[in-house]
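One file, entry.txt, is given below (compact mmCIF, C-alpha atoms).
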# COMPACT_ATOMS: atom_id res chain seq x y z
CA MET T 25 -28.88 -3.82 -2.71
CA ARG T 26 -26.07 -1.42 -1.89
CA GLU T 27 -23.55 -2.35 0.78
CA MET T 28 -20.98 0.05 2.16
CA HIS T 29 -19.13 -1.51 5.06
CA ASN T 30 -15.92 0.35 5.70
CA CYS T 31 -13.48 -1.04 8.25
CA ILE T 32 -11.95 1.26 10.83
CA GLU T 33 -8.30 0.32 10.74
CA ASN T 34 -6.88 -0.87 14.06
CA ARG T 35 -10.04 0.08 15.99
CA PHE T 36 -9.69 -3.17 17.97
CA LEU T 37 -5.93 -3.55 17.73
CA ASP T 38 -4.81 -6.28 20.18
CA LYS T 39 -8.26 -6.43 21.81
CA VAL T 40 -9.62 -9.91 22.51
CA CYS T 41 -13.15 -11.12 21.88
CA ILE T 42 -14.92 -14.44 22.45
CA VAL T 43 -17.68 -15.12 19.91
CA THR T 44 -19.86 -18.15 20.59
CA GLY T 45 -21.29 -19.85 17.52
CA GLY T 46 -18.73 -18.07 15.37
CA SER T 47 -18.15 -20.59 12.59
CA ALA T 48 -21.18 -19.73 10.43
CA GLY T 49 -23.76 -17.06 9.67
CA ILE T 50 -23.85 -13.95 11.81
CA GLY T 51 -21.21 -15.34 14.17
CA LYS T 52 -18.69 -15.86 11.39
CA ALA T 53 -19.31 -12.33 10.11
CA ILE T 54 -18.69 -10.94 13.60
CA VAL T 55 -15.35 -12.73 13.90
CA GLU T 56 -14.23 -11.65 10.44
CA GLU T 57 -15.20 -8.00 10.85
CA PHE T 58 -13.58 -7.86 14.30
CA CYS T 59 -10.33 -9.36 13.04
CA LYS T 60 -10.28 -7.01 10.04
CA GLU T 61 -9.99 -4.16 12.52
CA GLY T 62 -7.00 -5.64 14.34
CA GLY T 63 -8.72 -7.74 16.97
CA LYS T 64 -8.05 -11.27 18.18
CA ALA T 65 -10.95 -13.69 18.43
CA LEU T 66 -11.67 -17.07 19.91
CA PHE T 67 -14.81 -18.53 18.37
CA THR T 68 -16.77 -21.66 19.18
CA GLY T 69 -18.97 -24.02 17.19
CA ILE T 70 -20.63 -27.45 17.28
CA ASN T 71 -19.49 -28.51 13.81
CA LYS T 72 -15.82 -29.46 14.10
CA GLU T 73 -15.08 -29.74 10.38
CA GLU T 74 -16.81 -26.46 9.57
CA GLY T 75 -15.07 -24.67 12.41
CA ARG T 76 -11.62 -25.91 11.41
CA ALA T 77 -12.24 -24.91 7.80
CA VAL T 78 -13.29 -21.41 8.86
CA GLU T 79 -10.26 -21.11 11.13
CA GLU T 80 -8.02 -22.06 8.21
CA GLU T 81 -9.80 -19.53 6.00
CA PHE T 82 -9.18 -16.79 8.55
CA LEU T 83 -5.54 -17.72 9.08
CA LYS T 84 -4.93 -17.47 5.34
CA LYS T 85 -6.20 -13.88 5.59
CA ASN T 86 -3.76 -13.27 8.46
CA TYR T 87 -6.56 -12.86 10.98
CA LYS T 88 -5.79 -13.71 14.58
CA ALA T 89 -8.64 -16.13 15.19
CA SER T 90 -8.83 -19.58 16.72
CA PHE T 91 -11.62 -22.13 16.80
CA LEU T 92 -12.76 -24.20 19.76
CA TYR T 93 -15.11 -27.13 19.23
CA GLY T 94 -17.86 -27.74 21.74
CA ASP T 95 -21.44 -27.24 22.90
CA MET T 96 -22.39 -24.05 24.74
CA GLY T 97 -25.07 -26.03 26.58
CA ASP T 98 -22.23 -27.68 28.53
CA ASP T 99 -21.13 -25.44 31.39
CA ASP T 100 -17.70 -27.09 31.50
CA PHE T 101 -17.23 -26.06 27.87
CA CYS T 102 -18.24 -22.49 28.73
CA LYS T 103 -15.44 -22.45 31.32
CA GLU T 104 -13.04 -24.00 28.83
CA SER T 105 -13.84 -21.30 26.25
CA VAL T 106 -12.89 -18.58 28.71
CA ASN T 107 -9.75 -20.40 29.84
CA LYS T 108 -8.64 -21.00 26.23
CA ALA T 109 -9.05 -17.31 25.42
CA ILE T 110 -6.85 -16.42 28.39
CA GLU T 111 -4.31 -19.10 27.48
CA LYS T 112 -4.21 -18.04 23.82
CA TYR T 113 -4.51 -14.26 24.06
CA ASN T 114 -3.85 -13.42 27.72
CA GLY T 115 -7.05 -11.46 28.33
CA ILE T 116 -10.69 -10.88 27.43
CA ASP T 117 -12.04 -7.48 26.46
CA TYR T 118 -15.30 -8.44 24.77
CA LEU T 119 -17.84 -11.23 24.76
CA VAL T 120 -20.42 -11.77 22.03
CA ASN T 121 -22.99 -14.39 23.02
CA ASN T 122 -24.33 -15.64 19.72
CA ALA T 123 -24.79 -19.44 19.82
CA PHE T 124 -28.48 -20.18 20.33
CA ALA T 125 -30.57 -23.29 19.74
CA PHE T 126 -33.34 -22.81 17.21
CA THR T 127 -35.94 -24.96 18.95
CA ALA T 128 -39.35 -23.96 17.63
CA ALA T 129 -42.18 -25.67 19.49
CA SER T 130 -45.43 -24.56 21.12
CA VAL T 131 -48.34 -26.60 22.54
CA ASP T 132 -46.42 -29.80 21.82
CA ALA T 133 -43.15 -28.62 23.41
CA THR T 134 -41.52 -31.23 25.62
CA MET T 135 -39.47 -30.57 28.72
CA GLU T 136 -36.45 -31.55 26.64
CA ASN T 137 -37.37 -28.87 24.07
CA TRP T 138 -37.62 -26.24 26.79
CA MET T 139 -34.38 -27.21 28.49
CA HIS T 140 -32.42 -27.40 25.24
CA SER T 141 -33.74 -24.01 24.13
CA PHE T 142 -32.73 -22.36 27.39
CA LYS T 143 -29.45 -24.21 28.02
CA VAL T 144 -28.05 -23.55 24.54
CA GLY T 145 -29.20 -19.94 24.67
CA PRO T 146 -29.88 -17.57 27.57
CA LEU T 147 -28.42 -19.83 30.26
CA ALA T 148 -25.20 -20.20 28.26
CA TYR T 149 -25.18 -16.42 27.74
CA ALA T 150 -25.41 -15.93 31.50
CA ARG T 151 -22.80 -18.53 32.35
CA MET T 152 -20.33 -17.26 29.75
CA SER T 153 -20.68 -13.77 31.20
CA GLN T 154 -20.13 -15.10 34.72
CA HIS T 155 -17.04 -17.10 33.76
CA ALA T 156 -15.54 -14.22 31.75
CA LEU T 157 -16.27 -11.53 34.34
CA PRO T 158 -13.09 -11.90 36.48
CA PHE T 159 -10.97 -11.32 33.39
CA MET T 160 -13.14 -8.64 31.81
CA LYS T 161 -12.88 -6.60 35.02
CA LYS T 162 -9.20 -6.15 34.18
CA SER T 163 -9.96 -4.55 30.81
CA ASN T 164 -10.47 -0.83 30.29
CA HIS T 165 -12.71 -1.49 27.29
CA ALA T 166 -14.95 -4.35 28.39
CA ALA T 167 -18.33 -4.89 26.75
CA ILE T 168 -20.79 -7.71 26.17
CA VAL T 169 -23.24 -8.03 23.30
CA ASN T 170 -25.98 -10.64 23.50
CA ILE T 171 -27.54 -11.68 20.20
CA SER T 172 -31.29 -11.67 20.60
CA SER T 173 -33.94 -11.36 17.87
CA VAL T 174 -36.95 -9.43 16.69
CA SER T 175 -38.71 -12.58 17.96
CA ALA T 176 -38.17 -11.27 21.49
CA HIS T 177 -40.60 -8.44 20.74
CA ILE T 178 -43.40 -10.13 18.81
CA ALA T 179 -45.61 -13.20 18.77
CA GLN T 180 -44.98 -15.83 16.09
CA ARG T 181 -46.86 -19.06 15.54
CA ASN T 182 -45.45 -22.27 17.00
CA ARG T 183 -42.47 -20.60 18.66
CA TRP T 184 -43.09 -20.63 22.40
CA THR T 185 -39.63 -22.01 23.13
CA TYR T 186 -37.59 -19.82 20.77
CA ASN T 187 -39.39 -16.53 21.39
CA ALA T 188 -39.48 -17.03 25.15
CA GLY T 189 -35.75 -17.75 25.06
CA LYS T 190 -35.04 -14.57 23.12
CA GLY T 191 -37.25 -12.58 25.49
CA PHE T 192 -35.17 -14.07 28.31
CA VAL T 193 -32.05 -12.71 26.59
CA ASN T 194 -33.38 -9.15 26.50
CA GLN T 195 -34.32 -9.12 30.17
CA LEU T 196 -31.01 -10.78 31.07
CA THR T 197 -29.20 -8.03 29.15
CA LYS T 198 -30.81 -5.28 31.22
CA CYS T 199 -30.02 -7.03 34.49
CA GLN T 200 -26.43 -7.69 33.44
CA ALA T 201 -26.02 -4.06 32.41
CA LEU T 202 -27.17 -2.93 35.86
CA ASP T 203 -24.94 -5.30 37.82
CA LEU T 204 -21.82 -4.93 35.66
CA ALA T 205 -21.93 -1.14 35.31
CA PRO T 206 -19.86 -0.62 38.50
CA TYR T 207 -17.02 -2.50 36.79
CA GLY T 208 -17.25 -0.32 33.70
CA ILE T 209 -18.61 -3.23 31.64
CA ARG T 210 -21.37 -2.32 29.20
CA VAL T 211 -23.98 -4.90 28.15
CA ASN T 212 -26.33 -4.55 25.19
CA SER T 213 -28.29 -6.79 22.85
CA ILE T 214 -28.69 -6.83 19.08
CA ASP T 215 -32.12 -7.92 17.80
CA PRO T 216 -31.94 -8.93 14.11
CA GLY T 217 -34.81 -9.45 11.73
CA TRP T 218 -34.57 -12.04 8.97
CA ILE T 219 -30.94 -12.42 7.89
CA TRP T 220 -29.67 -14.34 4.88
CA THR T 221 -27.28 -16.99 6.20
CA THR T 222 -26.24 -20.49 5.19
CA GLU T 223 -29.27 -21.86 7.05
CA THR T 224 -31.64 -19.50 5.24
CA ASP T 225 -30.01 -20.47 1.98
CA LYS T 226 -30.57 -24.16 2.71
CA ALA T 227 -34.25 -23.55 3.45
CA ALA T 228 -34.67 -21.50 0.27
CA ASN T 229 -33.01 -24.09 -1.92
CA LEU T 230 -35.09 -26.89 -0.41
CA ASP T 231 -38.19 -25.11 -1.67
CA GLY T 232 -36.48 -24.13 -4.91
CA GLY T 233 -35.62 -20.78 -6.39
CA GLY T 234 -32.84 -19.72 -4.05
CA ARG T 235 -32.38 -16.17 -2.89
CA LYS T 236 -33.61 -14.56 -6.10
CA LYS T 237 -37.07 -15.97 -5.35
CA TRP T 238 -37.24 -16.06 -1.57
CA ASP T 239 -35.67 -12.72 -0.77
CA LYS T 240 -38.69 -11.11 -2.43
CA ILE T 241 -41.15 -13.29 -0.53
CA TRP T 242 -39.58 -13.07 2.93
CA GLY T 243 -38.57 -9.48 2.26
CA GLN T 244 -42.24 -8.45 2.41
CA PHE T 245 -42.00 -8.58 6.20
CA HIS T 246 -39.43 -5.76 6.22
CA LEU T 247 -39.75 -2.10 5.26
CA LEU T 248 -36.59 -2.43 3.16
CA GLU T 249 -38.23 -5.31 1.25
CA ARG T 250 -35.28 -7.70 1.61
CA LEU T 251 -33.45 -9.83 4.12
CA GLY T 252 -30.37 -8.50 5.83
CA GLN T 253 -26.79 -9.61 5.29
CA ALA T 254 -24.78 -11.12 8.15
CA THR T 255 -22.31 -8.22 7.90
CA GLU T 256 -25.21 -5.79 8.41
CA VAL T 257 -25.61 -7.30 11.87
CA ALA T 258 -21.89 -7.65 12.57
CA ARG T 259 -21.10 -3.98 11.95
CA PRO T 260 -23.59 -2.64 14.54
CA ILE T 261 -22.20 -5.18 17.01
CA LEU T 262 -18.72 -3.78 16.48
CA PHE T 263 -20.13 -0.32 17.13
CA LEU T 264 -21.61 -1.46 20.47
CA LEU T 265 -18.28 -3.01 21.45
CA SER T 266 -16.33 0.12 20.53
CA VAL T 267 -15.65 3.29 22.52
CA ASP T 268 -18.07 5.09 20.19
CA ALA T 269 -20.81 3.39 22.23
CA SER T 270 -19.25 4.29 25.59
CA PHE T 271 -22.52 5.74 26.95
CA ILE T 272 -24.77 2.94 25.67
CA THR T 273 -25.68 0.09 27.99
CA GLY T 274 -28.80 -1.92 28.81
CA THR T 275 -30.11 -1.28 25.30
CA SER T 276 -31.68 -3.55 22.70
CA LEU T 277 -30.75 -2.41 19.21
CA LEU T 278 -33.15 -3.61 16.53
CA VAL T 279 -31.35 -4.44 13.29
CA ASP T 280 -34.42 -5.63 11.47
CA GLY T 281 -34.89 -3.67 8.25
CA GLY T 282 -38.03 -2.13 9.73
CA TYR T 283 -39.70 -5.47 10.58
CA SER T 284 -40.83 -4.37 14.03
CA SER T 285 -42.14 -1.03 12.75
CA MET T 286 -44.44 -2.59 10.20
CA GLY T 287 -48.09 -2.78 11.22
CA PRO T 288 -50.85 -5.03 9.83
CA GLU T 289 -51.16 -2.80 6.75
CA GLY T 290 -47.78 -4.07 5.63
CA LEU T 291 -46.14 -2.26 2.75
CA GLY T 292 -49.45 -0.86 1.55
CA ASN T 293 -49.48 -2.69 -1.77
CA SER T 294 -53.25 -2.97 -1.83
CA SER T 295 -56.20 -1.09 -3.33
CA PHE T 296 -57.80 -1.25 0.10
CA PHE T 297 -55.88 1.75 1.40
CA VAL T 298 -57.43 5.21 1.45
CA GLY T 299 -56.18 7.38 -1.39
CA SER T 300 -55.31 4.47 -3.65
CA GLU T 301 -56.81 4.21 -7.09
Show how you would write the structure in this file as structure tokens.
Amino acid sequence: MREMHNCIENRFLDKVCIVTGGSAGIGKAIVEEFCKEGGKALFTGINKEEGRAVEEEFLKKNYKASFLYGDMGDDDFCKESVNKAIEKYNGIDYLVNNAFAFTAASVDATMENWMHSFKVGPLAYARMSQHALPFMKKSNHAAIVNISSVSAHIAQRNRWTYNAGKGFVNQLTKCQALDLAPYGIRVNSIDPGWIWTTETDKAANLDGGGRKKWDKIWGQFHLLERLGQATEVARPILFLLSVDASFITGTSLLVDGGYSSMGPEGLGNSSFFVGSE
């Protein structure tokens, strides 16, 4: 796998971004890539020790990033996140709503499952945007990116709660884009396919074999025949935040290695197909 992620020096110099769920996986990659380009980030997380360790890691790299511990399902914490960003950095230019509960349930889903999935997900996305709006109106570069999923576009077994929540995010994004356009605030979503993160790594190692084994197996769902890297999601997010995307709003950008383009024929590795020998 070839990776070529070149930073654009000072692209986000002195700009301020809140990243929810920023202490691991895609969220951590977003914070790191943003800070590499001169930005300042406040990131949240529900694991205090992990978040503090990541904050320390970033500070050693001279990144301007600070961690705030709490649960995005708590509206008071959503308000606190916004207030801390103002207190720490004196403004908010960007918001990346990333923290999302992975609650996968279907016919057996309880009301608690449904409420947890929506509260720590699309409802938190909406509330964060509402709380940040008064401050983002003051920015000349304001933009919001909501992290959705390829799961918003397809059916998957035993995932009523998760997929419905991600579908909620995509519709929310369009409505936000419409209502915030008069303030010059753009709103888009990023819809990743399968991405290799610490959680994916845990799942792979539980079944044995690690990435060397499971990337080939799970990669069969993608045209590129592999899982994505967290930075491969973070970089498109930075593009949507930047002035290079100044005429893009209300859009869902699929970053899925071709997952959503693949039909039932898959990669075609079968003698069934016409023309094969």
- Could you give me, as a list in words, the residues that have an atom at most 7 Å away from the point (-17.9, -11.5, 24.8) in the coordinates of the file, using only C-alpha atoms?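 Using only C-alpha atoms, the matching residues come out as Cys41, Ile42, Val43, Tyr118, Leu119, Val120, Asn121, Ala167, Ile168 and Val169 of chain T.
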Practice problem: Skip Asn34 (chain T) itself and residues of its chain fewer than 6 positions away, then list as a PyMOL selection string all residues within 12 Å of it, counting all atoms listed in the file. | Solution: chain T and resi 57-64+266
Computed gap from CA of Thr197 (chain T) to CA of Ala148 (chain T) is 12.8 Å
| Residue contacts of region 272-281 of chain T (8 Å, all atoms listed in the file) excluding same-chain residues fewer than 2 positions away, as a ChimeraX atom specification | /T:173-174,194,197-202,210-218,246-252,256-257,264,269-270,283-284
Contact residues around Tyr207 (chain T) with all atoms listed in the file at 12 Å, ignoring same-chain residues under 5 positions, as number ranges by chain: T: 157-167, 200-202
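Here CA of Val267 (chain T) and CA of Ile32 (chain T) stand 12.4 Å from one another.
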**Item:** Two-atom distance - CA of His29 (chain T), CA of Gly234 (chain T) (Å)
**Value:**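 Going from CA of His29 (chain T) over to CA of Gly234 (chain T), I get 24.5 Å.
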| Close residues, Ala48 (chain T) itself excluded, 9 Å, only C-alpha atoms, min 6 positions apart in chain, as a ChimeraX atom specification | /T:69,74-75,78,221-222
- Message: Env of region 98-112 of chain T: 9 Å cut, atoms = all atoms listed in the file, seq-sep filter 2 positions within chain, self excluded. Answer as a list in words.
- Response: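 Here the answer would be Val40, Cys41, Ile42, Thr44, Ala65, Leu66, Phe67, Thr68, Ser90, Leu92, Tyr93, Gly94, Asp95, Met96, Asn114, Gly115, Ile116, Lys143, Val144, Ala148, Arg151, Met152, His155, Ala156 and Phe159 of chain T.
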Exercise for review: Rank nothing, just name the residue among T:Asp203, T:Asp38, T:Glu289, T:Glu81 nearest to Asp117 (chain T), using all atoms listed in the file.
Suggested key: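 With all atoms listed in the file as the atom set, the closest residue is T:Asp38.
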Test item: which residues lie within 12 Å of (-38.8, -16.6, 27.0) counting only C-alpha atoms, as a tab-separated table (two decimals) with C-alpha atoms, in the coordinates of the input:
chain	number	residue	atom	x	y	z
T	127	THR	CA	-35.94	-24.96	18.95
T	128	ALA	CA	-39.35	-23.96	17.63
T	130	SER	CA	-45.43	-24.56	21.12
T	138	TRP	CA	-37.62	-26.24	26.79
T	139	MET	CA	-34.38	-27.21	28.49
T	141	SER	CA	-33.74	-24.01	24.13
T	142	PHE	CA	-32.73	-22.36	27.39
T	145	GLY	CA	-29.20	-19.94	24.67
T	146	PRO	CA	-29.88	-17.57	27.57
T	147	LEU	CA	-28.42	-19.83	30.26
T	172	SER	CA	-31.29	-11.67	20.60
T	173	SER	CA	-33.94	-11.36	17.87
T	175	SER	CA	-38.71	-12.58	17.96
T	176	ALA	CA	-38.17	-11.27	21.49
T	177	HIS	CA	-40.60	-8.44	20.74
T	178	ILE	CA	-43.40	-10.13	18.81
T	179	ALA	CA	-45.61	-13.20	18.77
T	183	ARG	CA	-42.47	-20.60	18.66
T	184	TRP	CA	-43.09	-20.63	22.40
T	185	THR	CA	-39.63	-22.01	23.13
T	186	TYR	CA	-37.59	-19.82	20.77
T	187	ASN	CA	-39.39	-16.53	21.39
T	188	ALA	CA	-39.48	-17.03	25.15
T	189	GLY	CA	-35.75	-17.75	25.06
T	190	LYS	CA	-35.04	-14.57	23.12
T	191	GLY	CA	-37.25	-12.58	25.49
T	192	PHE	CA	-35.17	-14.07	28.31
T	193	VAL	CA	-32.05	-12.71	26.59
T	194	ASN	CA	-33.38	-9.15	26.50
T	195	GLN	CA	-34.32	-9.12	30.17
T	196	LEU	CA	-31.01	-10.78	31.07
Using all atoms listed in the file, the residue out of T:Gln244, T:Thr134, T:Thr255, T:Thr224 with shortest distance to Lys52 (chain T) is T:Thr255
